[in-house]
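One file, final_4.cif, is given below (mmCIF, C-alpha atoms).
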```cif
data_my_file
loop_
_atom_site.label_atom_id
_atom_site.label_comp_id
_atom_site.auth_asym_id
_atom_site.auth_seq_id
_atom_site.Cartn_x
_atom_site.Cartn_y
_atom_site.Cartn_z
CA MET E 1 41.03 -10.58 5.99
CA THR E 2 38.38 -9.78 8.56
CA GLY E 3 36.71 -6.63 9.82
CA ASN E 4 33.48 -4.72 9.64
CA PRO E 5 31.82 -5.87 6.37
CA ILE E 6 30.37 -2.40 5.66
CA LEU E 7 33.78 -0.77 6.10
CA GLU E 8 35.34 -3.42 3.86
CA VAL E 9 32.90 -2.45 1.10
CA PHE E 10 33.91 1.22 1.25
CA LYS E 11 37.65 0.50 1.49
CA ILE E 12 37.63 -0.72 -2.12
CA LYS E 13 37.78 2.35 -4.35
CA ASP E 14 36.07 0.82 -7.40
CA LEU E 15 33.22 -0.65 -5.37
CA ARG E 16 32.85 2.54 -3.30
CA GLU E 17 32.54 4.63 -6.47
CA ARG E 18 29.98 2.22 -7.92
CA ILE E 19 27.82 2.36 -4.79
CA ILE E 20 28.00 6.17 -4.58
CA PHE E 21 27.13 6.43 -8.28
CA THR E 22 24.14 4.10 -7.84
CA VAL E 23 22.83 5.92 -4.76
CA SER E 24 23.27 9.32 -6.47
CA LEU E 25 21.12 8.33 -9.45
CA LEU E 26 18.48 6.81 -7.17
CA VAL E 27 18.35 10.12 -5.26
CA VAL E 28 17.82 11.92 -8.58
CA PHE E 29 14.96 9.50 -9.28
CA ARG E 30 13.34 10.25 -5.92
CA ILE E 31 13.64 14.01 -6.49
CA GLY E 32 12.08 13.60 -9.93
CA THR E 33 9.00 11.89 -8.46
CA ILE E 34 8.29 15.06 -6.46
CA ILE E 35 8.84 17.72 -9.17
CA PRO E 36 5.45 18.31 -10.85
CA ILE E 37 4.77 18.87 -14.54
CA PRO E 38 4.67 22.62 -15.36
CA GLY E 39 1.12 23.96 -15.26
CA ILE E 40 -0.20 21.57 -12.57
CA ASN E 41 -1.89 22.82 -9.39
CA ILE E 42 -0.40 20.66 -6.61
CA ASN E 43 -3.01 21.68 -4.03
CA ALA E 44 -5.86 20.66 -6.34
CA LEU E 45 -4.18 17.28 -6.92
CA ARG E 46 -3.81 16.65 -3.19
CA LEU E 47 -7.47 17.47 -2.51
CA TYR E 48 -8.61 15.23 -5.38
CA PHE E 49 -6.55 12.16 -4.46
CA SER E 50 -7.30 12.67 -0.77
CA SER E 51 -11.03 12.53 -1.51
CA LEU E 52 -10.48 9.38 -3.59
CA ARG E 53 -8.74 7.66 -0.67
CA GLU E 54 -11.53 8.60 1.71
CA THR E 55 -14.17 7.13 -0.62
CA GLY E 56 -12.10 4.04 -1.42
CA GLY E 57 -11.68 4.94 -5.09
CA ALA E 58 -7.89 5.22 -5.10
CA VAL E 59 -7.08 1.55 -5.75
CA LEU E 60 -5.90 2.10 -9.32
CA THR E 61 -4.03 5.25 -8.37
CA GLU E 62 -2.20 3.43 -5.58
CA TYR E 63 -1.40 0.56 -7.95
CA ILE E 64 0.24 2.88 -10.48
CA ASP E 65 1.99 4.80 -7.68
CA PHE E 66 3.40 1.49 -6.46
CA PHE E 67 5.57 1.19 -9.59
CA THR E 68 6.32 4.88 -10.00
CA GLY E 69 7.36 5.56 -6.41
CA GLY E 70 4.45 7.95 -5.87
CA GLY E 71 5.20 9.88 -9.06
CA PHE E 72 1.75 9.37 -10.59
CA SER E 73 -0.31 11.03 -7.86
CA ASN E 74 2.18 13.92 -7.84
CA PHE E 75 1.85 14.31 -11.63
CA SER E 76 5.64 14.46 -11.61
CA VAL E 77 8.13 14.37 -14.47
CA PHE E 78 8.60 10.65 -13.65
CA MET E 79 4.89 9.92 -13.35
CA LEU E 80 5.06 7.00 -15.82
CA GLY E 81 8.11 5.55 -14.11
CA ILE E 82 10.17 2.93 -15.94
CA MET E 83 7.19 0.70 -16.84
CA PRO E 84 6.86 1.86 -20.50
CA TYR E 85 10.44 0.70 -21.13
CA ILE E 86 9.79 -2.66 -19.46
CA SER E 87 6.59 -3.11 -21.47
CA MET E 88 8.41 -2.36 -24.72
CA SER E 89 11.24 -4.73 -23.80
CA ILE E 90 8.70 -7.52 -23.35
CA ILE E 91 7.05 -6.71 -26.66
CA MET E 92 10.42 -6.73 -28.42
CA GLN E 93 11.39 -10.10 -26.94
CA LEU E 94 8.09 -11.58 -28.09
CA LEU E 95 8.54 -10.11 -31.57
CA ILE E 96 11.99 -11.71 -31.80
CA LEU E 97 10.42 -15.11 -31.13
CA VAL E 98 7.62 -14.55 -33.65
CA PHE E 99 9.55 -12.96 -36.53
CA PRO E 100 12.61 -14.89 -37.84
CA LYS E 101 14.06 -11.74 -39.42
CA LEU E 102 14.23 -9.97 -36.06
CA LYS E 103 15.75 -13.07 -34.50
CA LYS E 104 18.40 -13.13 -37.21
CA ILE E 105 19.19 -9.46 -36.54
CA SER E 106 19.50 -10.09 -32.79
CA GLN E 107 21.94 -12.97 -33.35
CA ALA E 108 24.13 -11.13 -35.86
CA GLU E 109 27.19 -9.10 -34.85
CA GLY E 110 26.03 -5.88 -33.24
CA GLY E 111 22.47 -7.24 -33.21
CA LYS E 112 21.89 -6.58 -29.52
CA LYS E 113 22.60 -2.88 -30.03
CA LYS E 114 20.11 -2.74 -32.90
CA ILE E 115 17.41 -4.45 -30.85
CA GLN E 116 18.15 -2.06 -27.98
CA LYS E 117 17.75 0.87 -30.38
CA TYR E 118 14.39 -0.46 -31.61
CA THR E 119 13.29 -0.91 -27.99
CA ARG E 120 14.12 2.72 -27.22
CA TYR E 121 12.18 3.96 -30.22
CA GLY E 122 9.23 1.82 -29.18
CA THR E 123 9.46 3.17 -25.64
CA VAL E 124 9.06 6.70 -26.99
CA VAL E 125 5.87 5.66 -28.80
CA VAL E 126 4.46 4.00 -25.67
CA CYS E 127 5.32 7.09 -23.59
CA LEU E 128 3.63 9.43 -26.05
CA LEU E 129 0.47 7.32 -25.95
CA GLN E 130 0.38 6.99 -22.15
CA SER E 131 1.27 10.63 -21.51
CA TYR E 132 -1.54 11.76 -23.82
CA VAL E 133 -4.00 9.60 -21.88
CA VAL E 134 -2.74 11.20 -18.66
CA THR E 135 -3.47 14.70 -20.03
CA ILE E 136 -7.08 13.62 -20.64
CA TYR E 137 -7.25 12.39 -17.05
CA ALA E 138 -5.90 15.71 -15.73
CA ARG E 139 -8.66 17.67 -17.48
CA HIS E 140 -11.26 15.97 -15.27
CA ILE E 141 -9.53 16.92 -12.01
CA PRO E 142 -11.11 20.20 -10.73
CA ASP E 143 -8.76 23.20 -10.97
CA ALA E 144 -5.73 20.93 -11.64
CA ILE E 145 -4.57 22.67 -14.85
CA MET E 146 -3.43 26.29 -14.58
CA MET E 147 -3.04 26.98 -18.32
CA SER E 148 -4.85 26.27 -21.55
CA HIS E 149 -5.54 22.57 -22.18
CA LEU E 150 -3.62 22.59 -25.47
CA ALA E 151 -0.51 24.16 -23.96
CA TYR E 152 -0.65 21.81 -20.99
CA SER E 153 -1.08 18.75 -23.21
CA ILE E 154 2.00 19.62 -25.28
CA ILE E 155 4.15 20.41 -22.23
CA ALA E 156 2.96 17.33 -20.32
CA ILE E 157 3.55 14.90 -23.21
CA ILE E 158 7.08 16.23 -23.81
CA THR E 159 7.94 16.39 -20.09
CA VAL E 160 6.65 12.94 -19.13
CA THR E 161 8.16 11.24 -22.20
CA THR E 162 11.51 12.88 -21.51
CA GLY E 163 11.27 11.83 -17.86
CA THR E 164 10.77 8.16 -18.73
CA MET E 165 13.60 8.21 -21.28
CA LEU E 166 15.85 9.78 -18.64
CA LEU E 167 14.91 7.01 -16.20
CA MET E 168 15.70 4.43 -18.86
CA TRP E 169 19.14 5.98 -19.37
CA MET E 170 19.72 6.14 -15.61
CA GLY E 171 18.83 2.46 -15.28
CA GLU E 172 21.32 1.52 -18.00
CA GLN E 173 24.02 3.64 -16.38
CA ILE E 174 23.47 1.98 -12.99
CA THR E 175 23.75 -1.47 -14.59
CA GLN E 176 27.00 -0.54 -16.38
CA ARG E 177 28.70 1.74 -13.86
CA GLY E 178 26.98 0.96 -10.57
CA VAL E 179 25.91 -2.14 -8.66
CA GLY E 180 22.84 -4.26 -9.33
CA ASN E 181 20.30 -4.14 -12.14
CA GLY E 182 19.45 -0.48 -12.73
CA ILE E 183 15.84 -0.95 -13.86
CA SER E 184 15.01 -3.25 -10.94
CA LEU E 185 16.74 -0.91 -8.47
CA ILE E 186 14.63 2.04 -9.64
CA ILE E 187 11.44 0.08 -8.91
CA PHE E 188 12.99 -1.11 -5.63
CA ALA E 189 13.82 2.47 -4.58
CA GLY E 190 10.26 3.61 -5.29
CA ILE E 191 8.81 0.87 -3.07
CA VAL E 192 11.26 1.32 -0.19
CA ALA E 193 10.86 5.13 -0.15
CA ARG E 194 7.13 4.80 0.49
CA LEU E 195 7.33 2.15 3.20
CA PRO E 196 7.85 4.56 6.16
CA ALA E 197 4.64 6.44 5.30
CA ALA E 198 2.80 3.12 4.91
CA PHE E 199 3.93 1.90 8.35
CA TYR E 200 2.98 5.26 9.87
CA GLN E 201 -0.48 4.93 8.33
CA LEU E 202 -0.73 1.41 9.74
CA PHE E 203 0.24 2.64 13.20
CA SER E 204 -2.28 5.50 12.97
CA MET E 205 -5.09 3.12 11.97
CA VAL E 206 -4.27 0.75 14.84
CA ARG E 207 -4.21 3.66 17.31
CA ALA E 208 -7.54 4.89 15.98
CA ARG E 209 -8.86 1.30 16.30
CA GLU E 210 -9.69 1.14 12.60
CA LEU E 211 -7.63 -2.07 12.39
CA ASN E 212 -7.56 -4.91 14.91
CA VAL E 213 -4.09 -5.17 16.44
CA VAL E 214 -4.29 -8.98 16.47
CA PHE E 215 -4.91 -9.04 12.71
CA VAL E 216 -2.01 -6.62 12.18
CA ILE E 217 0.36 -8.87 14.16
CA ILE E 218 -0.78 -11.91 12.15
CA VAL E 219 -0.25 -10.13 8.83
CA LEU E 220 3.17 -8.77 9.84
CA ALA E 221 4.21 -12.28 10.96
CA MET E 222 3.03 -13.55 7.60
CA PHE E 223 5.17 -10.95 5.83
CA VAL E 224 8.24 -12.11 7.75
CA GLY E 225 7.43 -15.70 6.79
CA VAL E 226 7.04 -14.74 3.13
CA ILE E 227 10.43 -13.00 3.16
CA ALA E 228 12.06 -16.11 4.65
CA LEU E 229 10.40 -18.36 2.06
CA VAL E 230 11.46 -16.11 -0.82
CA ILE E 231 15.08 -16.05 0.35
CA TYR E 232 15.04 -19.83 0.84
CA GLU E 233 13.59 -20.41 -2.62
CA GLN E 234 15.88 -17.92 -4.39
CA GLN E 235 18.99 -19.76 -3.17
CA GLY E 236 17.86 -23.25 -4.19
CA GLN E 237 19.51 -24.82 -7.23
CA ARG E 238 19.98 -28.09 -9.10
CA LYS E 239 23.58 -28.84 -10.09
CA ILE E 240 24.03 -30.69 -13.41
CA PRO E 241 27.49 -32.37 -13.46
CA VAL E 242 29.59 -31.87 -16.60
CA ASN E 243 32.86 -33.66 -17.36
CA TYR E 244 35.33 -32.21 -19.88
CA ALA E 245 37.79 -34.51 -21.65
CA LYS E 246 41.47 -33.62 -21.93
CA ARG E 247 42.52 -31.98 -25.18
CA VAL E 248 45.96 -31.18 -26.53
CA ILE E 249 46.22 -27.88 -28.41
CA GLY E 250 49.75 -27.16 -29.60
CA ARG E 251 52.03 -28.01 -26.68
CA LYS E 252 49.43 -27.41 -23.99
CA MET E 253 46.80 -29.69 -22.52
CA TYR E 254 43.36 -28.32 -21.78
CA GLY E 255 40.26 -29.72 -20.08
CA GLY E 256 40.14 -32.80 -17.95
CA GLN E 257 38.04 -31.11 -15.28
CA ASN E 258 34.72 -31.84 -13.62
CA THR E 259 32.30 -28.98 -13.10
CA TYR E 260 28.56 -28.40 -13.01
CA ILE E 261 25.80 -26.22 -14.47
CA PRO E 262 23.82 -24.50 -11.66
CA PHE E 263 20.10 -24.47 -12.53
CA LYS E 264 18.26 -22.38 -9.95
CA ILE E 265 14.71 -23.28 -8.90
CA ASN E 266 13.74 -19.83 -10.09
CA PRO E 267 16.30 -19.00 -12.85
CA SER E 268 14.57 -15.75 -13.81
CA GLY E 269 14.52 -14.37 -10.25
CA VAL E 270 12.06 -11.54 -9.73
CA ILE E 271 11.83 -10.71 -13.46
CA PRO E 272 8.52 -12.62 -14.03
CA VAL E 273 6.84 -10.57 -11.28
CA ILE E 274 8.10 -7.28 -12.73
CA PHE E 275 7.13 -8.29 -16.28
CA ALA E 276 3.66 -9.49 -15.25
CA SER E 277 3.08 -6.31 -13.23
CA SER E 278 4.20 -4.19 -16.18
CA VAL E 279 1.82 -5.95 -18.57
CA MET E 280 -1.07 -5.50 -16.14
CA ALA E 281 -0.15 -1.88 -15.33
CA PHE E 282 -0.49 -0.67 -18.93
CA PRO E 283 -4.21 -1.53 -19.47
CA LEU E 284 -5.03 -0.60 -15.89
CA GLN E 285 -3.60 2.88 -16.38
CA MET E 286 -5.49 3.27 -19.65
CA PHE E 287 -8.78 2.06 -18.12
CA GLY E 288 -8.34 4.11 -14.96
CA THR E 289 -7.41 7.39 -16.60
CA LEU E 290 -9.89 7.16 -19.49
CA GLY E 291 -12.61 5.86 -17.18
CA VAL E 292 -13.39 9.43 -16.10
CA GLN E 293 -14.52 10.13 -19.68
CA TYR E 294 -15.81 6.78 -20.97
CA ARG E 295 -18.20 4.62 -18.92
CA TRP E 296 -17.15 1.33 -20.53
CA MET E 297 -13.51 2.07 -19.62
CA SER E 298 -14.60 2.65 -16.04
CA ASP E 299 -16.36 -0.74 -16.04
CA LEU E 300 -13.21 -2.45 -17.34
CA ALA E 301 -11.16 -0.70 -14.66
CA TYR E 302 -13.54 -2.09 -12.04
CA TRP E 303 -13.33 -5.67 -13.32
CA PHE E 304 -9.55 -5.48 -13.59
CA ARG E 305 -9.05 -3.80 -10.22
CA PRO E 306 -5.86 -5.06 -8.47
CA THR E 307 -7.85 -6.65 -5.64
CA GLY E 308 -10.32 -8.40 -7.94
CA ALA E 309 -10.43 -12.13 -8.73
CA LEU E 310 -9.98 -11.55 -12.49
CA TYR E 311 -6.86 -9.47 -12.00
CA LEU E 312 -5.29 -11.94 -9.55
CA SER E 313 -6.02 -14.88 -11.90
CA VAL E 314 -4.54 -13.20 -14.98
CA TYR E 315 -1.61 -11.89 -12.93
CA SER E 316 -0.79 -15.39 -11.67
CA MET E 317 -0.90 -16.89 -15.16
CA LEU E 318 1.35 -14.13 -16.50
CA ILE E 319 3.94 -14.82 -13.78
CA VAL E 320 4.06 -18.49 -14.79
CA PHE E 321 4.26 -17.56 -18.49
CA PHE E 322 7.10 -15.09 -18.00
CA ALA E 323 8.98 -17.51 -15.75
CA TYR E 324 9.11 -19.97 -18.68
CA PHE E 325 9.62 -17.24 -21.26
CA TYR E 326 12.54 -15.52 -19.54
CA THR E 327 14.17 -18.84 -18.64
CA GLN E 328 14.03 -19.85 -22.30
CA VAL E 329 15.70 -16.59 -23.29
CA THR E 330 18.47 -16.68 -20.69
CA LEU E 331 18.99 -20.45 -20.33
CA ASN E 332 18.45 -21.87 -23.79
CA PRO E 333 19.12 -25.67 -23.67
CA THR E 334 20.17 -25.61 -27.32
CA GLU E 335 22.88 -23.01 -26.69
CA ILE E 336 24.07 -24.74 -23.50
CA THR E 337 24.28 -28.08 -25.33
CA LYS E 338 26.23 -26.46 -28.16
CA GLN E 339 28.78 -25.00 -25.73
CA ILE E 340 29.20 -28.36 -23.95
CA ARG E 341 29.84 -30.19 -27.22
CA GLU E 342 32.22 -27.56 -28.59
CA ASN E 343 34.35 -27.81 -25.44
CA GLY E 344 34.40 -31.60 -25.42
CA GLY E 345 32.08 -31.94 -22.44
CA SER E 346 29.58 -34.61 -21.46
CA ILE E 347 26.98 -35.24 -18.76
CA PRO E 348 27.51 -38.53 -16.89
CA GLY E 349 24.93 -41.14 -17.86
CA ILE E 350 23.49 -39.06 -20.73
CA ARG E 351 24.29 -39.76 -24.39
CA THR E 352 25.60 -36.78 -26.36
CA GLU E 353 22.58 -36.58 -28.66
CA LYS E 354 20.24 -36.65 -25.64
CA ILE E 355 21.82 -33.75 -23.72
CA GLU E 356 19.49 -31.07 -25.10
CA SER E 357 16.30 -33.03 -24.32
CA TYR E 358 17.70 -33.89 -20.87
CA LEU E 359 18.42 -30.24 -20.04
CA THR E 360 15.01 -29.18 -21.38
CA ARG E 361 13.28 -31.76 -19.17
CA ILE E 362 15.24 -30.67 -16.09
CA LEU E 363 14.48 -26.99 -16.69
CA SER E 364 10.77 -27.69 -17.19
CA ARG E 365 10.58 -29.62 -13.93
CA ILE E 366 12.44 -26.91 -12.04
CA VAL E 367 10.73 -23.84 -13.49
CA LEU E 368 7.12 -24.99 -12.93
CA PRO E 369 7.24 -25.26 -9.11
CA GLY E 370 9.35 -22.09 -8.96
CA ALA E 371 6.81 -20.19 -11.08
CA LEU E 372 3.85 -21.51 -9.07
CA PHE E 373 5.65 -20.51 -5.88
CA LEU E 374 6.13 -16.96 -7.21
CA SER E 375 2.45 -16.73 -8.16
CA ALA E 376 1.29 -17.98 -4.77
CA ILE E 377 3.55 -15.58 -2.88
CA ALA E 378 2.51 -12.67 -5.12
CA ILE E 379 -1.23 -13.03 -4.54
CA MET E 380 -1.49 -14.67 -1.09
CA PRO E 381 -0.78 -11.56 1.03
CA THR E 382 -3.18 -9.51 -1.08
CA ILE E 383 -5.98 -11.99 -0.44
CA ILE E 384 -5.30 -12.02 3.29
CA GLN E 385 -5.08 -8.23 3.41
CA ILE E 386 -8.46 -7.96 1.71
CA LEU E 387 -9.94 -10.30 4.30
CA PHE E 388 -8.48 -8.17 7.11
CA GLY E 389 -9.63 -4.90 5.55
CA PHE E 390 -6.26 -3.31 4.89
CA PRO E 391 -6.34 -0.05 2.85
CA ALA E 392 -5.16 -0.04 -0.78
CA GLU E 393 -1.85 1.77 -0.14
CA LEU E 394 -0.81 -0.69 2.56
CA SER E 395 -1.94 -3.64 0.46
CA MET E 396 0.25 -2.58 -2.46
CA LEU E 397 3.37 -1.70 -0.48
CA MET E 398 3.24 -4.59 1.99
CA GLY E 399 1.87 -7.24 -0.37
CA GLY E 400 3.55 -10.22 -1.99
CA THR E 401 4.59 -8.37 -5.16
CA SER E 402 6.52 -5.72 -3.24
CA LEU E 403 8.17 -8.34 -1.00
CA LEU E 404 9.22 -10.43 -4.01
CA ILE E 405 10.70 -7.39 -5.76
CA MET E 406 12.49 -6.08 -2.66
CA VAL E 407 13.95 -9.44 -1.63
CA GLY E 408 14.87 -10.44 -5.20
CA VAL E 409 16.59 -7.15 -6.03
CA ASP E 410 18.33 -7.08 -2.65
CA LEU E 411 19.74 -10.61 -3.13
CA ASP E 412 20.91 -9.80 -6.65
CA THR E 413 22.63 -6.58 -5.53
CA MET E 414 24.26 -8.30 -2.56
CA ALA E 415 25.54 -11.06 -4.84
CA GLN E 416 27.21 -8.46 -7.08
CA ILE E 417 28.82 -6.76 -4.08
CA GLU E 418 30.02 -10.18 -2.88
CA GLY E 419 31.62 -10.72 -6.28
CA HIS E 420 33.52 -7.43 -6.08
CA LEU E 421 34.71 -8.23 -2.56
CA LYS E 422 35.99 -11.66 -3.60
CA MET E 423 37.87 -10.13 -6.54
CA HIS E 424 39.78 -8.02 -4.01
CA HIS E 425 40.22 -10.95 -1.58
CA ARG E 426 37.95 -9.43 1.02
CA ASP E 427 35.42 -11.04 3.33
CA GLY E 428 31.83 -10.84 2.14
CA ILE E 429 28.94 -9.04 3.79
CA VAL E 430 27.10 -12.22 4.82
CA ARG E 431 28.15 -15.67 6.04
CA LYS E 432 31.86 -15.03 5.75
CA GLY E 433 31.76 -13.93 2.15
CA LYS E 434 29.40 -16.56 0.81
CA ILE E 435 25.72 -16.31 -0.01
CA ARG E 436 24.87 -19.95 0.42
CA SER E 437 22.87 -21.93 -2.09
CA ARG E 438 20.78 -25.01 -1.36
CA ASN E 439 21.49 -28.03 -3.52
CA LEU E 440 18.60 -30.13 -4.79
#
```
Show me, as structure tokens, the structure contained in the file I just sent.
Amino acid sequence: MTGNPILEVFKIKDLRERIIFTVSLLVVFRIGTIIPIPGININALRLYFSSLRETGGAVLTEYIDFFTGGGFSNFSVFMLGIMPYISMSIIMQLLILVFPKLKKISQAEGGKKKIQKYTRYGTVVVCLLQSYVVTIYARHIPDAIMMSHLAYSIIAIITVTTGTMLLMWMGEQITQRGVGNGISLIIFAGIVARLPAAFYQLFSMVRARELNVVFVIIVLAMFVGVIALVIYEQQGQRKIPVNYAKRVIGRKMYGGQNTYIPFKINPSGVIPVIFASSVMAFPLQMFGTLGVQYRWMSDLAYWFRPTGALYLSVYSMLIVFFAYFYTQVTLNPTEITKQIRENGGSIPGIRTEKIESYLTRILSRIVLPGALFLSAIAIMPTIIQILFGFPAELSMLMGGTSLLIMVGVDLDTMAQIEGHLKMHHRDGIVRKGKIRSRNL
């Protein structure tokens, strides 16, 4: 069946409802980034952050705004964004690896729900801590608070914590009832919503001759190249052939088929970038907000500034670490080997007892170049932008991290839509219903 691919998407009732549901919650998220916390003077905030941008002191603010969709500088109900939940999810996954008791709970029946419950409780604790730090930051903004500090602190902590928990719930609902990964889509929506203003600022700076038009063309061409490279890398995979022997169960014969295990070059997708950014965002927010009160915090914020060498080095190492970490969680060679053996499968040329070590070796060889590629793409545009003198806001929104997140989330969402279309025997939205993969 052929036709307009967009119309085909909306002809399927289930898929249409999922898309409308997803877009509706993302609109709620965007509205929430504008609604300020009760007791905040919006005009005072605008004057303060405007003066920071003029003096070049808004790097940390722009970095936090990057992940909250502008909610931080608005002191909105969603000013912490979804990052506290991501940070707590990382902590919980690490705790499961460290503590055998937690690992046993996660593997038991209903264990995932228990771990999810612990993660939510931990998210509340992280939100309370971060929201309290934000109230301290607000006290040092001239005329920003229009009520007593105690009353504002209580209202702000409750409002911001509730806002993050609502975002967490919205992300889960999008994943279950919408299309794509809800948490990733929320971050994606925050980045995309701020791009028009960033391009307008770029145009204004070129017109005012604050930026050289030749440099701008070079950087924009580089962005297009980065997008092409990311798409090319995301589709690459190594196919591991698996043969299943025929088995007779009752009066029926099962098996006897040849298939393969698709190991992608970057099995974890854009998750390492999001995880690494989340880990770096937490101390940066603490240093940046408390730096107005404590000098040593201000010094730490300077050394860990997003455009500094220390930050870029640690950020790159975290991307590599989380690439291995998340791959181990989602593609455990031990579990894959167990499933192959239980179903009477074998890998040609590999002895049964060597399958696990073989898969581990293949994954290690695949993940390392994929992780290094992610790190290089994440920091390369930032370095070039610094050399060309791009402002902080443009550097964050048009840098490698934003491109990786946008392309990765877009590919994942498109793949899910493709799956729904195929279930209903419809043509896909790209390449006649098939998002092609490169075989290695």
Work out how far apart atom CA of E:Ser89 and atom CA of E:Thr119 are and give it in Å to one decimal.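 Between these atoms lies a distance of 6.0 Å.
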Determine the residue set returned by the PyMOL selection byres ((chain E and resi 78-87) around 6) for the present structure, and present it as number ranges by chain. E: 32-33, 68, 71-72, 75-77, 88-90, 123, 163-164, 278
Could you tell me which of E:Leu363, E:Thr159, E:Ile217, E:Val124 comes closest to E:Gln237 if we count only C-alpha atoms? E:Leu363
Translate the PyMOL selection byres ((chain E and resi 172) around 12), as applied to the file shown, into an explicit residue set as a PyMOL selection string. chain E and resi 22+25+82+85+116+120+165-171+173-186
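The gap separating atom CA of E:Thr413 from atom CA of E:Ile231 is 13.5 Å, in Å to one decimal.
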For the point (-2.3, 19.0, -8.8) in file coordinates, what residues are within 9 Å, counting all atoms listed in the file? Give the answer as an mmCIF file with C-alpha atoms, keeping the file's coordinate frame?
```
data_model
loop_
_atom_site.group_PDB
_atom_site.id
_atom_site.type_symbol
_atom_site.label_atom_id
_atom_site.label_comp_id
_atom_site.auth_asym_id
_atom_site.auth_seq_id
_atom_site.Cartn_x
_atom_site.Cartn_y
_atom_site.Cartn_z
ATOM 1 C CA PRO E 36 5.450 18.310 -10.850
ATOM 2 C CA GLY E 39 1.120 23.960 -15.260
ATOM 3 C CA ILE E 40 -0.200 21.570 -12.570
ATOM 4 C CA ASN E 41 -1.890 22.820 -9.390
ATOM 5 C CA ILE E 42 -0.400 20.660 -6.610
ATOM 6 C CA ASN E 43 -3.010 21.680 -4.030
ATOM 7 C CA ALA E 44 -5.860 20.660 -6.340
ATOM 8 C CA LEU E 45 -4.180 17.280 -6.920
ATOM 9 C CA ARG E 46 -3.810 16.650 -3.190
ATOM 10 C CA LEU E 47 -7.470 17.470 -2.510
ATOM 11 C CA TYR E 48 -8.610 15.230 -5.380
ATOM 12 C CA SER E 73 -0.310 11.030 -7.860
ATOM 13 C CA ASN E 74 2.180 13.920 -7.840
ATOM 14 C CA PHE E 75 1.850 14.310 -11.630
ATOM 15 C CA ALA E 138 -5.900 15.710 -15.730
ATOM 16 C CA ILE E 141 -9.530 16.920 -12.010
ATOM 17 C CA ASP E 143 -8.760 23.200 -10.970
ATOM 18 C CA ALA E 144 -5.730 20.930 -11.640
ATOM 19 C CA ILE E 145 -4.570 22.670 -14.850
#
```
Selection in question (the file shown): the PyMOL selection byres ((chain E and resi 67) around 7). Which residues does it include, as a list of chain:residue names?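 So the PyMOL selection byres ((chain E and resi 67) around 7) ends up selecting E:Ile64, E:Asp65, E:Phe66, E:Thr68, E:Gly69, E:Gly81, E:Ile187, E:Gly190.
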Please, what is the axis-aligned box for every listed atom of stretch 124-127 of chain E with 4 Å on each side, as centre and edge lengths in Å to one decimal, as lines of an AutoDock Vina configuration file?
```
center_x = 6.8
center_y = 5.5
center_z = -26.2
size_x = 12.6
size_y = 11.1
size_z = 13.2
```
Of the candidates E:Val367, E:Ile350, E:Ile34, E:Val270, which shows the shortest atom-to-atom distance to E:Asp412, using only C-alpha atoms? E:Val270
Interatomic distance, atom CA of E:Phe188 to atom CA of E:Ile405 (Å, one decimal):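 Spanning atom CA of E:Phe188 to atom CA of E:Ile405 is a straight-line distance of 6.7 Å.
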Just checking: using all atoms listed in the file, which residue out of E:Ile386, E:Ile37, E:Leu129, E:Ile347 ends up closest to E:Ile261? E:Ile347
Option closest in space to E:Lys354, from E:Gln339, E:Thr162, E:Gln201, E:Thr334 [counting only C-alpha atoms]: E:Thr334
Residues near E:Tyr302, anyone? I mean within 10 Å using only C-alpha atoms, not counting same-chain ones fewer than 3 positions away, as a list of chain:residue names.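 These residues fall inside the cut-off: E:Val59, E:Leu60, E:Leu284, E:Phe287, E:Gly288, E:Gly291, E:Trp296, E:Met297, E:Ser298, E:Asp299, E:Arg305, E:Pro306, E:Thr307, E:Gly308, E:Tyr311.
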Looking at E:Gly345, E:Pro283, E:Pro333, E:Pro38, which one is nearest to E:Met147, with distances taken over all atoms listed in the file?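 Under the stated criterion, the closest residue is E:Pro38.
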Using only C-alpha atoms - which residues lie no farther than 12 Å from the point (23.1, -23.4, -22.4) in the file's frame? Write them as a ChimeraX atom specification. /E:240,260-263,327-342,355-360,363
